[in-house]
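File shown: coords09.csv. Contents: CSV, C-alpha atoms.
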```csv
chain,number,residue,atom,x,y,z
A,1,MET,CA,189.4,43.1,6.3
A,2,THR,CA,186.0,44.8,6.3
A,3,SER,CA,186.0,48.5,5.6
A,4,VAL,CA,184.7,50.8,8.4
A,5,ALA,CA,182.3,53.5,7.2
A,6,LEU,CA,183.7,56.9,8.0
A,7,GLY,CA,180.5,58.8,7.5
A,8,PRO,CA,180.4,62.2,5.8
A,9,THR,CA,183.8,63.7,5.2
A,10,ASP,CA,182.9,67.0,6.9
A,11,GLN,CA,182.6,65.0,10.2
A,12,LEU,CA,186.4,64.4,10.1
A,13,ASP,CA,189.1,66.8,11.3
A,14,PRO,CA,190.7,68.1,8.1
A,15,ARG,CA,194.1,67.5,9.6
A,16,LEU,CA,193.5,63.8,9.4
A,17,LEU,CA,192.6,63.9,5.7
A,18,GLU,CA,195.7,65.9,4.8
A,19,HIS,CA,197.8,62.7,5.4
A,20,ARG,CA,195.6,60.3,3.5
A,21,ARG,CA,197.8,60.0,0.4
A,22,GLU,CA,201.1,59.5,2.1
A,23,LEU,CA,199.6,57.0,4.5
A,24,THR,CA,198.2,55.1,1.5
A,25,GLY,CA,201.7,55.0,0.1
A,26,TYR,CA,203.1,53.7,3.3
A,27,CYS,CA,200.4,51.0,3.7
A,28,TYR,CA,200.8,50.0,0.1
A,29,ARG,CA,204.5,49.3,0.5
A,30,MET,CA,203.7,47.4,3.7
A,31,LEU,CA,200.9,45.3,2.3
A,32,GLY,CA,201.6,45.0,-1.5
A,33,SER,CA,198.0,45.9,-2.3
A,34,VAL,CA,196.5,49.3,-2.8
A,35,PHE,CA,193.0,48.0,-1.9
A,36,ASP,CA,194.3,46.5,1.4
A,37,ALA,CA,196.1,49.8,1.9
A,38,GLU,CA,193.0,51.9,1.4
A,39,ASP,CA,191.2,49.7,3.9
A,40,ALA,CA,194.1,50.1,6.4
A,41,VAL,CA,194.1,53.9,5.9
A,42,GLN,CA,190.4,54.1,6.4
A,43,GLU,CA,190.7,52.0,9.6
A,44,THR,CA,193.6,54.3,10.7
A,45,LEU,CA,191.5,57.4,10.2
A,46,VAL,CA,188.5,55.9,12.1
A,47,ARG,CA,190.7,55.1,15.1
A,48,ALA,CA,192.3,58.5,15.0
A,49,TRP,CA,189.0,60.3,14.6
A,50,ARG,CA,187.6,58.4,17.7
A,51,ALA,CA,190.7,59.1,19.8
A,52,LEU,CA,191.4,62.7,18.6
A,53,ASP,CA,190.2,64.3,21.8
A,54,ASP,CA,192.6,62.2,23.9
A,55,PHE,CA,195.5,62.8,21.5
A,56,GLU,CA,195.6,66.6,21.6
A,57,GLY,CA,199.0,67.8,22.6
A,58,ARG,CA,200.6,64.5,23.2
A,59,SER,CA,202.8,64.2,20.1
A,60,ALA,CA,203.0,65.2,16.5
A,61,LEU,CA,199.9,64.3,14.6
A,62,ARG,CA,201.7,62.8,11.6
A,63,SER,CA,203.8,60.5,13.9
A,64,TRP,CA,200.7,59.4,15.8
A,65,LEU,CA,198.9,58.5,12.5
A,66,TYR,CA,201.9,56.5,11.3
A,67,ARG,CA,201.9,54.6,14.6
A,68,ILE,CA,198.2,53.7,14.2
A,69,ALA,CA,198.7,52.8,10.5
A,70,THR,CA,201.7,50.6,11.4
A,71,ASN,CA,199.7,48.7,14.0
A,72,VAL,CA,196.8,48.2,11.5
A,73,CYS,CA,199.2,46.9,8.9
A,74,LEU,CA,200.9,44.5,11.3
A,75,ASP,CA,197.5,43.2,12.3
A,76,GLN,CA,196.6,42.6,8.6
A,77,LEU,CA,199.9,40.8,8.0
A,78,SER,CA,199.6,38.5,10.9
A,79,GLY,CA,199.5,34.9,9.6
A,80,ARG,CA,199.1,35.9,6.0
A,81,GLN,CA,201.1,34.6,3.1
A,82,ARG,CA,203.3,37.1,1.3
A,83,ARG,CA,202.1,38.6,-1.9
A,84,ALA,CA,204.4,37.9,-4.9
A,85,LEU,CA,204.8,38.3,-8.7
A,86,PRO,CA,204.7,35.3,-11.0
A,87,MET,CA,208.4,35.5,-11.8
A,88,ASP,CA,209.1,35.2,-8.0
A,89,LEU,CA,207.2,31.9,-7.9
A,90,ALA,CA,207.6,30.0,-11.1
A,91,GLY,CA,210.9,28.4,-12.0
A,92,ASN,CA,211.3,28.5,-15.7
A,93,PRO,CA,209.3,30.7,-18.1
A,94,TYR,CA,206.3,29.1,-19.9
A,95,PRO,CA,206.4,28.5,-23.6
A,96,PRO,CA,204.0,30.9,-25.4
A,97,VAL,CA,201.1,28.5,-25.7
A,98,GLU,CA,197.5,28.3,-24.5
A,99,ALA,CA,198.4,25.6,-21.9
A,100,SER,CA,200.4,28.2,-20.0
A,101,LEU,CA,197.1,29.7,-18.9
A,102,ALA,CA,196.2,26.6,-16.9
A,103,GLY,CA,197.8,27.9,-13.7
A,104,ARG,CA,195.9,30.8,-12.0
A,105,ARG,CA,195.9,32.1,-8.4
A,106,PRO,CA,193.4,34.4,-6.6
A,107,GLY,CA,194.1,38.1,-6.5
A,108,THR,CA,195.2,37.9,-2.9
A,109,ALA,CA,198.3,36.0,-4.0
A,110,TRP,CA,199.8,38.8,-6.1
A,111,VAL,CA,201.4,42.1,-5.5
A,112,GLU,CA,199.0,44.6,-7.0
A,113,PRO,CA,199.7,47.7,-9.1
A,114,VAL,CA,199.0,51.3,-7.9
A,115,LEU,CA,198.5,54.5,-9.9
A,116,ASP,CA,201.1,57.2,-9.0
A,117,ARG,CA,198.3,59.7,-8.2
A,118,GLN,CA,197.1,57.4,-5.4
A,119,VAL,CA,200.3,57.4,-3.4
A,120,LEU,CA,202.9,59.9,-4.6
A,121,PRO,CA,203.1,63.6,-3.9
A,122,GLU,CA,201.9,65.9,-6.6
A,123,ASP,CA,204.7,68.4,-6.2
A,124,GLY,CA,208.0,68.9,-4.3
A,125,ASP,CA,211.7,68.6,-5.0
A,126,PRO,CA,212.4,66.6,-8.2
A,127,ALA,CA,215.0,64.5,-6.4
A,128,ASP,CA,212.6,63.6,-3.7
A,129,GLN,CA,209.9,62.8,-6.2
A,130,ALA,CA,212.4,60.4,-8.0
A,131,VAL,CA,213.1,58.6,-4.7
A,132,ALA,CA,209.4,58.4,-4.0
A,133,ARG,CA,208.7,56.9,-7.5
A,134,GLU,CA,211.5,54.4,-7.0
A,135,SER,CA,210.0,53.3,-3.7
A,136,VAL,CA,206.8,52.1,-5.3
A,137,ARG,CA,208.4,50.2,-8.2
A,138,LEU,CA,206.9,46.8,-8.5
A,139,ALA,CA,210.2,45.0,-8.0
A,140,PHE,CA,210.9,46.9,-4.8
A,141,VAL,CA,207.4,46.4,-3.4
A,142,ALA,CA,207.6,42.7,-4.2
A,143,ALA,CA,211.0,42.5,-2.5
A,144,LEU,CA,209.6,44.2,0.6
A,145,GLN,CA,207.1,41.4,1.0
A,146,HIS,CA,210.0,39.0,1.7
A,147,LEU,CA,210.8,40.9,5.0
A,148,PRO,CA,209.1,40.0,8.3
A,149,PRO,CA,206.5,42.7,8.9
A,150,ARG,CA,208.3,44.6,11.6
A,151,GLN,CA,211.6,44.6,9.6
A,152,ARG,CA,209.5,45.9,6.6
A,153,ALA,CA,208.1,48.8,8.7
A,154,VAL,CA,211.6,49.7,9.9
A,155,LEU,CA,213.1,49.7,6.5
A,156,ILE,CA,210.3,51.8,5.0
A,157,LEU,CA,210.3,54.3,7.8
A,158,ARG,CA,214.1,54.6,7.9
A,159,GLU,CA,215.1,54.4,4.2
A,160,VAL,CA,212.0,55.6,2.3
A,161,LEU,CA,210.5,58.1,4.7
A,162,ARG,CA,213.8,59.0,6.3
A,163,TRP,CA,212.7,58.8,9.9
A,164,LYS,CA,215.4,58.8,12.6
A,165,ALA,CA,216.2,55.6,14.5
A,166,ASP,CA,214.9,57.0,17.7
A,167,GLU,CA,211.6,58.1,16.1
A,168,VAL,CA,211.1,54.6,14.7
A,169,ALA,CA,212.0,53.0,18.1
A,170,GLN,CA,209.4,55.2,19.7
A,171,LEU,CA,206.7,54.3,17.1
A,172,LEU,CA,207.4,50.6,17.5
A,173,ASP,CA,207.8,50.6,21.3
A,174,THR,CA,211.3,49.2,21.0
A,175,THR,CA,215.0,50.3,21.4
A,176,VAL,CA,217.2,52.1,18.9
A,177,ALA,CA,219.6,49.1,19.0
A,178,SER,CA,216.7,46.9,18.0
A,179,VAL,CA,215.7,49.2,15.2
A,180,ASN,CA,219.3,49.4,13.8
A,181,SER,CA,219.6,45.6,14.0
A,182,ALA,CA,216.3,45.1,12.1
A,183,LEU,CA,217.4,47.6,9.5
A,184,GLN,CA,220.7,45.8,9.0
A,185,ARG,CA,218.9,42.4,8.5
A,186,ALA,CA,216.4,44.0,6.1
A,187,ARG,CA,219.1,45.6,4.0
A,188,ALA,CA,220.9,42.2,3.8
A,189,THR,CA,217.7,40.5,2.6
A,190,LEU,CA,217.0,43.1,0.0
A,191,ALA,CA,220.6,43.0,-1.2
A,192,ASP,CA,220.2,39.2,-1.9
A,193,LEU,CA,217.0,40.0,-3.8
A,194,GLY,CA,218.8,42.6,-6.1
A,195,GLY,CA,218.7,45.7,-3.9
A,196,ARG,CA,216.8,48.9,-4.4
A,197,PRO,CA,216.2,50.2,-7.9
A,198,ALA,CA,218.1,53.4,-8.7
A,199,PRO,CA,216.0,56.6,-8.9
A,200,ARG,CA,215.4,57.7,-12.4
A,201,THR,CA,213.6,60.6,-14.2
A,202,LEU,CA,210.9,60.1,-16.8
A,203,ASP,CA,212.8,61.7,-19.6
A,204,ASP,CA,211.7,62.5,-23.2
A,205,GLU,CA,213.2,59.2,-24.5
A,206,ALA,CA,210.9,57.2,-22.1
A,207,ARG,CA,207.9,59.2,-23.2
A,208,ASP,CA,208.7,58.7,-26.8
A,209,LEU,CA,209.1,54.9,-26.2
A,210,LEU,CA,205.7,54.9,-24.5
A,211,GLU,CA,204.1,56.6,-27.5
A,212,ARG,CA,205.6,54.0,-29.9
A,213,TYR,CA,204.3,51.2,-27.6
A,214,LEU,CA,200.8,52.7,-27.8
A,215,ASP,CA,201.0,53.0,-31.5
A,216,ALA,CA,202.4,49.5,-32.2
A,217,PHE,CA,199.9,47.8,-29.8
A,218,GLU,CA,196.9,49.7,-31.1
A,219,ARG,CA,197.8,48.8,-34.7
A,220,TYR,CA,198.7,45.3,-33.5
A,221,ASP,CA,202.0,45.5,-35.4
A,222,ILE,CA,203.8,42.8,-33.6
A,223,ASP,CA,207.1,43.2,-35.5
A,224,ALA,CA,207.2,46.9,-34.5
A,225,PHE,CA,206.2,46.0,-31.0
A,226,VAL,CA,209.0,43.4,-30.6
A,227,ARG,CA,211.5,46.0,-31.8
A,228,LEU,CA,210.7,48.0,-28.7
A,229,LEU,CA,211.8,45.2,-26.4
A,230,HIS,CA,215.1,44.1,-25.1
A,231,GLU,CA,216.1,40.8,-26.5
A,232,ASP,CA,215.8,39.2,-23.1
A,233,ALA,CA,212.7,41.1,-22.0
A,234,THR,CA,210.3,39.4,-19.7
A,235,GLN,CA,206.5,39.6,-19.2
A,236,HIS,CA,204.0,38.2,-16.7
A,237,MET,CA,200.3,38.4,-16.4
A,238,PRO,CA,198.7,38.1,-12.9
A,239,PRO,CA,196.4,36.4,-12.0
A,240,PHE,CA,198.0,33.7,-14.2
A,241,GLU,CA,201.2,32.1,-12.9
A,242,MET,CA,202.8,32.2,-16.4
A,243,TRP,CA,205.7,34.4,-17.4
A,244,LEU,CA,207.6,34.8,-20.6
A,245,ARG,CA,211.2,35.5,-21.4
A,246,GLY,CA,212.6,36.9,-24.7
A,247,ALA,CA,211.3,39.4,-27.2
A,248,GLN,CA,210.6,36.6,-29.7
A,249,ASP,CA,208.5,34.5,-27.3
A,250,ILE,CA,206.5,37.6,-26.2
A,251,GLY,CA,205.9,38.3,-29.9
A,252,THR,CA,204.8,34.6,-30.5
A,253,TRP,CA,202.5,34.9,-27.5
A,254,MET,CA,200.9,38.0,-28.9
A,255,ARG,CA,200.4,36.4,-32.3
A,256,GLY,CA,198.9,33.3,-30.7
A,257,PRO,CA,196.9,33.3,-27.4
A,258,GLY,CA,197.1,37.1,-27.2
A,259,SER,CA,195.7,37.7,-30.7
A,260,GLU,CA,192.3,38.6,-29.3
A,261,CYS,CA,193.8,41.8,-28.1
A,262,ALA,CA,194.0,43.1,-31.7
A,263,GLY,CA,191.9,46.2,-32.0
A,264,SER,CA,192.5,47.3,-28.4
A,265,ARG,CA,192.6,50.9,-27.3
A,266,LEU,CA,195.3,52.1,-24.8
A,267,LEU,CA,195.1,54.9,-22.3
A,268,PRO,CA,198.5,56.1,-21.0
A,269,VAL,CA,198.9,56.5,-17.2
A,270,SER,CA,201.6,56.4,-14.6
A,271,ALA,CA,201.7,53.4,-12.2
A,272,ASN,CA,204.3,52.2,-9.7
A,273,GLY,CA,206.6,55.1,-10.6
A,274,THR,CA,206.9,54.1,-14.2
A,275,PRO,CA,205.1,54.6,-17.5
A,276,ALA,CA,202.0,52.4,-17.9
A,277,VAL,CA,199.0,51.9,-20.2
A,278,ALA,CA,195.5,50.8,-19.5
A,279,GLN,CA,194.4,48.4,-22.2
A,280,TYR,CA,190.7,48.1,-23.3
A,281,ARG,CA,189.9,45.1,-25.5
A,282,PRO,CA,187.1,45.0,-28.1
A,283,ARG,CA,183.9,43.6,-26.7
A,284,ALA,CA,181.0,41.9,-28.5
A,285,GLY,CA,178.4,44.5,-29.4
A,286,GLY,CA,180.8,47.4,-29.7
A,287,GLY,CA,183.0,49.5,-27.4
A,288,HIS,CA,186.0,48.4,-25.4
A,289,GLU,CA,186.1,46.7,-22.0
A,290,PRO,CA,188.9,46.8,-19.3
A,291,TRP,CA,191.5,44.1,-20.0
A,292,GLY,CA,194.9,44.8,-18.5
A,293,LEU,CA,197.1,47.4,-16.9
A,294,HIS,CA,200.6,47.2,-18.4
A,295,VAL,CA,203.3,48.5,-16.1
A,296,LEU,CA,206.5,49.0,-18.1
A,297,GLU,CA,210.2,48.9,-16.9
A,298,ILE,CA,212.4,50.8,-19.3
A,299,GLU,CA,216.2,50.3,-19.5
A,300,ASP,CA,218.6,51.9,-22.0
A,301,GLY,CA,215.9,53.0,-24.4
A,302,ARG,CA,214.0,49.8,-24.6
A,303,ILE,CA,211.4,47.9,-22.6
A,304,ALA,CA,212.9,45.4,-20.2
A,305,HIS,CA,209.8,44.1,-18.5
A,306,ILE,CA,206.0,44.2,-18.8
A,307,SER,CA,203.8,43.5,-15.9
A,308,SER,CA,200.3,43.0,-17.3
A,309,PHE,CA,197.7,43.0,-14.6
A,310,LEU,CA,194.6,41.5,-16.1
A,311,ASP,CA,191.1,42.7,-15.0
A,312,LEU,CA,189.2,39.6,-16.0
A,313,GLY,CA,186.1,40.8,-14.2
A,314,SER,CA,187.9,41.6,-11.0
A,315,GLY,CA,187.0,45.3,-11.1
A,316,LEU,CA,190.7,46.2,-11.1
A,317,PHE,CA,190.2,49.3,-13.4
A,318,VAL,CA,187.2,50.6,-11.4
A,319,LYS,CA,189.0,50.1,-8.1
A,320,LEU,CA,191.9,52.1,-9.5
A,321,GLY,CA,189.7,54.9,-10.7
A,322,LEU,CA,190.1,54.1,-14.4
A,323,PRO,CA,187.2,54.3,-16.9
A,324,ALA,CA,184.9,51.3,-16.7
A,325,ALA,CA,184.8,51.2,-20.5
A,326,LEU,CA,185.8,53.1,-23.7
A,327,ASP,CA,183.2,53.7,-26.3
```
Now that the file is in, can you turn its structure into structure tokens?
Amino acid sequence: MTSVALGPTDQLDPRLLEHRRELTGYCYRMLGSVFDAEDAVQETLVRAWRALDDFEGRSALRSWLYRIATNVCLDQLSGRQRRALPMDLAGNPYPPVEASLAGRRPGTAWVEPVLDRQVLPEDGDPADQAVARESVRLAFVAALQHLPPRQRAVLILREVLRWKADEVAQLLDTTVASVNSALQRARATLADLGGRPAPRTLDDEARDLLERYLDAFERYDIDAFVRLLHEDATQHMPPFEMWLRGAQDIGTWMRGPGSECAGSRLLPVSANGTPAVAQYRPRAGGGHEPWGLHVLEIEDGRIAHISSFLDLGSGLFVKLGLPAALD
């Protein structure tokens, strides 16, 4: 989709811009890509801006914007293959050898990461914030992509954003019975895929684990790194199809094909509702270049899964608003 230029920000009604972050979160859950989501939100704001005079007094502004955003997302999803994560596509894990890098898919094939600051509220009730974080977890966003687009919209509006059934029916120009039926089918599909992740808080133990992850990786102490992982931990690295299972295989990978990451510097961030680090690998001539965003899933005091989204010249870091280099 081609972005539509909005023009100077001061030309827009400030009431539209107030909803930009939450609309981005909604479109991200729908589309599985923050870059597609930003395009969708921009298109939403353009349409709303052009029709604002006709809108006045007809309905709540927020509901109207969600109606436009939903239609934009449904248009984007028409005829498009679902985005996924490598573990959703490949059968058995790859052995930790160079040959596992042979399979690679374009960026449009994968669910993409998102920084929390792009889609989550900055303040509010802690319980609501925990639910919001859970709703952008990678596993949940990937599971949403299995749903037909209208079912996806119904589930997000009803269960994540807590809209009433009659409000969703009005937004989608359908009946309450149809909304309830779609929600039931969507719940059943998600249950088969493992259900929704439980809300959790980022406690001191998780923060301490993140610090030890940074320390072990920057020293490239693989023995210390492996001790931070669950024995059956998994890792995948989009855009490659490969994925690994087991702390020992992950360690073997890092000592082998991944050994060029020695000397990296890591920047802690928050992505997809969980701790994450932006990895900058040493580059010829000095300094460090963007390499991978590691989104971590923590369970029982250890790391259960690592999603390493590699930049590889795609501009991922710049698109996410991360530094283009570290000197």
Step by step: start from the point (199.5, 62.2, 3.9) in the file's coordinates, keep every protein, DNA or RNA residue that has an atom no farther than 12 Å from it, count all atoms listed in the file, and write the set as number ranges by chain. A: 14-27, 41, 44-45, 61-63, 65-66, 69, 118-122, 161
Stretch 220-255 of chain A near stretch 268-291 of chain A within 12 Å: what's each residue's closest atom pair and its distance in Å to one decimal, counting all atoms listed in the file, ordered by chain then ascending residue number, as a tab-separated table?
```
residue	atom	partner	partner_atom	distance
A:Tyr220	CA	A:Arg281	CA	11.9
A:Met237	CA	A:Trp291	CA	11.1
A:Pro238	CA	A:Trp291	CA	11.8
```
Write a file of the selected residues as a PDB file, in the coordinates of the input, keeping C-alpha atoms.
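Everything below was put into out_6.pdb:
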```pdb
ATOM      1  CA  TYR A 220     198.700  45.300 -33.500  1.00  0.00           C
ATOM      2  CA  MET A 237     200.300  38.400 -16.400  1.00  0.00           C
ATOM      3  CA  PRO A 238     198.700  38.100 -12.900  1.00  0.00           C
TER       4      PRO A 238
END
```
With all atoms listed in the file as the basis for distance, which of A:Leu171, A:Ile250, A:Ala216, A:Ala165 is at the shortest distance from A:Ala60? A:Leu171
With a cut-off of 10 Å, could you pull out the residues of stretch 274-327 of chain A touching stretch 98-113 of chain A and give me the nearest pair of atoms for each, distance in Å to one decimal, using all atoms listed in the file, ordered by chain and ascending number, as CSV?
```
residue,atom,partner,partner_atom,distance
A:Leu293,CA,A:Pro113,CA,8.2
A:His294,CA,A:Pro113,CA,9.4
A:Val295,CA,A:Pro113,CA,7.9
A:Ser307,CA,A:Pro113,CA,9.0
A:Ser308,CA,A:Pro113,CA,9.5
A:Phe309,CA,A:Pro113,CA,7.5
A:Ser314,CA,A:Gly107,CA,8.4
A:Leu316,CA,A:Pro113,CA,9.3
A:Leu320,CA,A:Pro113,CA,9.0
```
Find the spatial neighbours of stretch 136-149 of chain A, counting only C-alpha atoms, within a cut-off of 8 Å - ignore same-chain residues fewer than 4 positions away - and output them as a ChimeraX atom specification. /A:25,29-32,74,77,82-85,111,113,132,153,186,189-190,193,195-197,272-274
Between atom CA of A:Phe240 and atom CA of A:Leu310, distance in Å (one decimal):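 Computed distance, atom CA of A:Phe240 to atom CA of A:Leu310, equals 8.7 Å.
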Report the distance between atom CA of A:Gly301 and atom CA of A:Tyr28 in Å, rounded to one decimal place.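 Separation of atom CA of A:Gly301 and atom CA of A:Tyr28: 28.9 Å.
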Residue contacts of stretch 253-255 of chain A (10 Å, all atoms listed in the file) excluding same-chain residues fewer than 3 positions away, as a list in words: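 The residues satisfying every condition are Pro95, Pro96, Val97, Glu98, Phe217, Tyr220, Asp221, Ile222, Phe225, Val226, Leu244, Ala247, Gln248, Asp249, Ile250, Gly258, Ser259, Glu260, Cys261 and Ala262 of chain A.
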note - atom CA of A:Ala48 and atom CA of A:Val34 are separated by 20.5 Å
My list of candidates is A:Asp88, A:Glu43, A:Glu134, A:Asp54. Which is closest to A:Met242 when distances are computed with only C-alpha atoms?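 Of all the options, A:Asp88 lies closest to A:Met242.
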Which residue, A:Asp125, A:Leu52, A:Thr70, A:Asp204, has the smallest gap to A:Ile156 when you use all atoms listed in the file?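 The answer is A:Thr70, which sits nearest to A:Ile156.
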Output as a PDB file, in the frame of the given file: stretch 177-186 of chain A, completed with all heavy atoms.
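And here's selection-v4.pdb as it stands now:
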```pdb
ATOM      1  N   ALA A 177     218.735  50.268  19.375  1.00  0.00           N
ATOM      2  CA  ALA A 177     219.600  49.100  19.000  1.00  0.00           C
ATOM      3  C   ALA A 177     218.766  48.090  18.230  1.00  0.00           C
ATOM      4  O   ALA A 177     219.241  47.517  17.236  1.00  0.00           O
ATOM      5  CB  ALA A 177     220.200  48.507  20.237  1.00  0.00           C
ATOM      6  N   SER A 178     217.541  47.841  18.669  1.00  0.00           N
ATOM      7  CA  SER A 178     216.700  46.900  18.000  1.00  0.00           C
ATOM      8  C   SER A 178     216.320  47.357  16.588  1.00  0.00           C
ATOM      9  O   SER A 178     216.301  46.575  15.621  1.00  0.00           O
ATOM     10  CB  SER A 178     215.420  46.627  18.803  1.00  0.00           C
ATOM     11  OG  SER A 178     214.549  45.733  18.138  1.00  0.00           O
ATOM     12  N   VAL A 179     216.035  48.652  16.458  1.00  0.00           N
ATOM     13  CA  VAL A 179     215.700  49.200  15.200  1.00  0.00           C
ATOM     14  C   VAL A 179     216.918  49.097  14.213  1.00  0.00           C
ATOM     15  O   VAL A 179     216.778  48.691  13.051  1.00  0.00           O
ATOM     16  CB  VAL A 179     215.305  50.701  15.296  1.00  0.00           C
ATOM     17  CG1 VAL A 179     215.309  51.413  13.944  1.00  0.00           C
ATOM     18  CG2 VAL A 179     213.932  50.801  15.935  1.00  0.00           C
ATOM     19  N   ASN A 180     218.100  49.432  14.685  1.00  0.00           N
ATOM     20  CA  ASN A 180     219.300  49.400  13.800  1.00  0.00           C
ATOM     21  C   ASN A 180     219.594  47.916  13.429  1.00  0.00           C
ATOM     22  O   ASN A 180     220.008  47.650  12.292  1.00  0.00           O
ATOM     23  CB  ASN A 180     220.502  49.941  14.580  1.00  0.00           C
ATOM     24  CG  ASN A 180     220.409  51.452  14.714  1.00  0.00           C
ATOM     25  OD1 ASN A 180     219.729  52.109  13.920  1.00  0.00           O
ATOM     26  ND2 ASN A 180     221.079  52.009  15.704  1.00  0.00           N
ATOM     27  N   SER A 181     219.360  46.968  14.332  1.00  0.00           N
ATOM     28  CA  SER A 181     219.600  45.600  14.000  1.00  0.00           C
ATOM     29  C   SER A 181     218.578  45.092  12.947  1.00  0.00           C
ATOM     30  O   SER A 181     218.945  44.393  11.992  1.00  0.00           O
ATOM     31  CB  SER A 181     219.433  44.712  15.270  1.00  0.00           C
ATOM     32  OG  SER A 181     219.537  43.331  14.970  1.00  0.00           O
ATOM     33  N   ALA A 182     217.302  45.486  13.108  1.00  0.00           N
ATOM     34  CA  ALA A 182     216.300  45.100  12.100  1.00  0.00           C
ATOM     35  C   ALA A 182     216.590  45.708  10.766  1.00  0.00           C
ATOM     36  O   ALA A 182     216.418  45.047   9.728  1.00  0.00           O
ATOM     37  CB  ALA A 182     214.904  45.567  12.606  1.00  0.00           C
ATOM     38  N   LEU A 183     217.059  46.948  10.749  1.00  0.00           N
ATOM     39  CA  LEU A 183     217.400  47.600   9.500  1.00  0.00           C
ATOM     40  C   LEU A 183     218.550  46.882   8.798  1.00  0.00           C
ATOM     41  O   LEU A 183     218.527  46.680   7.571  1.00  0.00           O
ATOM     42  CB  LEU A 183     217.746  49.062   9.729  1.00  0.00           C
ATOM     43  CG  LEU A 183     218.129  49.880   8.498  1.00  0.00           C
ATOM     44  CD1 LEU A 183     216.990  49.905   7.483  1.00  0.00           C
ATOM     45  CD2 LEU A 183     218.506  51.312   8.902  1.00  0.00           C
ATOM     46  N   GLN A 184     219.544  46.477   9.555  1.00  0.00           N
ATOM     47  CA  GLN A 184     220.700  45.800   9.000  1.00  0.00           C
ATOM     48  C   GLN A 184     220.251  44.447   8.346  1.00  0.00           C
ATOM     49  O   GLN A 184     220.669  44.104   7.235  1.00  0.00           O
ATOM     50  CB  GLN A 184     221.741  45.521  10.060  1.00  0.00           C
ATOM     51  CG  GLN A 184     223.039  44.913   9.541  1.00  0.00           C
ATOM     52  CD  GLN A 184     224.087  44.777  10.636  1.00  0.00           C
ATOM     53  OE1 GLN A 184     223.784  44.906  11.821  1.00  0.00           O
ATOM     54  NE2 GLN A 184     225.315  44.520  10.237  1.00  0.00           N
ATOM     55  N   ARG A 185     219.397  43.717   9.044  1.00  0.00           N
ATOM     56  CA  ARG A 185     218.900  42.400   8.500  1.00  0.00           C
ATOM     57  C   ARG A 185     218.049  42.670   7.260  1.00  0.00           C
ATOM     58  O   ARG A 185     218.132  41.909   6.285  1.00  0.00           O
ATOM     59  CB  ARG A 185     218.134  41.677   9.570  1.00  0.00           C
ATOM     60  CG  ARG A 185     218.974  41.237  10.757  1.00  0.00           C
ATOM     61  CD  ARG A 185     218.268  40.182  11.603  1.00  0.00           C
ATOM     62  NE  ARG A 185     216.980  40.631  12.099  1.00  0.00           N
ATOM     63  CZ  ARG A 185     216.794  41.309  13.219  1.00  0.00           C
ATOM     64  NH1 ARG A 185     217.841  41.640  13.964  1.00  0.00           N
ATOM     65  NH2 ARG A 185     215.586  41.662  13.620  1.00  0.00           N
ATOM     66  N   ALA A 186     217.223  43.705   7.285  1.00  0.00           N
ATOM     67  CA  ALA A 186     216.400  44.000   6.100  1.00  0.00           C
ATOM     68  C   ALA A 186     217.205  44.375   4.917  1.00  0.00           C
ATOM     69  O   ALA A 186     216.928  43.937   3.793  1.00  0.00           O
ATOM     70  CB  ALA A 186     215.395  45.120   6.485  1.00  0.00           C
TER      71      ALA A 186
END
```
